[in-house]
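*Asks:* Dropping a structure here in structure tokens format, bear with me for questions.
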Amino acid sequence: MNVIALDTETGGLVAGENALLSVGGCCSWNGSALEAYITAESQPSLSVEPAASKVNGYSLQIWKKRGARPVADAFRDVADWIGARLQEQPDAVIVCHNLVHDLPFLRALARANGHDDLCAGLHRYAWRCSQQRLIGLIDSGRVP
């Protein structure tokens, strides 16, 4: 199975209220990697909660050092990178560490930039959660 792994850092728990601060990714077949840091200032209607900053280490100075870009530029970087990977391996699945959290932020990023979805035409079953097996073990009582 070909895998595109994605992870986000966000300014809180609610897409559309909290800023998307970064998207990272890698793929299983060629070592290609993505690091897109996003300026919170380019998302003026969205917030960065103090508790989230403690978890993800966000600060304006650190993000600037990491090359943070405006949200529109970051969207193009992310969409182009995913699109290129899917051109290489059309059967690839996209795995997020916490899909329930990451996917709404990624979709909000696309909508904020005038697109219906981050990966137009990507079937909803192409998305996976890396915690899916763990959740099954917890649900079955094998992991407390």
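As shown in the structure tokens, the chain order sets the letters A, B, ...; within each chain, residues go from 1, and ligands are also counted from 1 in the order they appear.
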Could you name the residues that touch Asp117 of chain A at 8 Å or less, counting only C-alpha atoms, but leaving out those on the same chain fewer than 6 positions away, as a list of chain:residue names?
*Replies:* A:Arg107, A:Ala110, A:Arg111
*Asks:* Can you list every residue of segment 45-102 of chain A that has an atom at most 8 Å from segment 11-31 of chain A, with its nearest atom pair and the distance in Å to one decimal, using only C-alpha atoms, ordered by chain then number, as a tab-separated table?
*Replies:*
residue	atom	partner	partner_atom	distance
A:Ser45	CA	A:Glu17	CA	7.5
A:Leu46	CA	A:Asn18	CA	4.8
A:Ser47	CA	A:Asn18	CA	4.6
A:Val48	CA	A:Gly11	CA	4.0
A:Glu49	CA	A:Gly11	CA	5.5
A:Ala51	CA	A:Gly12	CA	7.7
A:Ala52	CA	A:Gly12	CA	5.3
A:Ser53	CA	A:Gly11	CA	6.8
A:Tyr58	CA	A:Leu21	CA	7.9
A:Val78	CA	A:Val23	CA	7.5
A:Arg85	CA	A:Cys27	CA	7.6
A:His101	CA	A:Leu13	CA	7.2
*Asks:* List every residue of chain A that DSSP, applied to the backbone, labels as strand (DSSP E or B), and write the result as a PyMOL selection string.
*Replies:* chain A and resi 3-10+15+18+20-27+33-38+47+69+93-96+127-129
*Asks:* Using only C-alpha atoms, pick whichever of A:Pro44, A:Leu109, A:Val95, A:Ser140 has the shortest atom-to-atom distance to Asn2 of chain A.
*Replies:*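 Distance minimum relative to Asn2 of chain A lands on A:Val95.
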*Asks:* Please return, as number ranges by chain, all residues of segment 11-103 of chain A that DSSP assigns to alpha helix (DSSP H) on the basis of the backbone.
*Replies:* A: 50-56, 60-65, 71-88, 99-103
*Asks:* Please provide as a list in words all residues within 10 Å of Trp81 of chain A, with the sequence filter that same-chain residues fewer than 4 positions apart are discarded (counting only C-alpha atoms).
*Replies:*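 The filter keeps Gly25, Cys26, Ser32, Ala33, Leu34, Phe75, Arg76, Asp77, Arg85, Leu86 and Gln87 of chain A.
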*Asks:* Could you tell me which of A:Asn56, A:Ala74, A:Ala84, A:Lys64 comes closest to Glu35 of chain A if we count only C-alpha atoms?
*Replies:*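 With only C-alpha atoms as the atom set, the closest residue is A:Ala74.
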*Asks:* Just the number, please: distance in Å from atom CA of Trp127 of chain A to atom CA of Glu88 of chain A, one decimal.
*Replies:* 17.2 Å
*Asks:* Calculated over only C-alpha atoms, which of the candidates A:Ala5, A:Leu106, A:Trp63, A:Ala40 has the smallest distance to Val93 of chain A?
*Replies:* A:Ala5
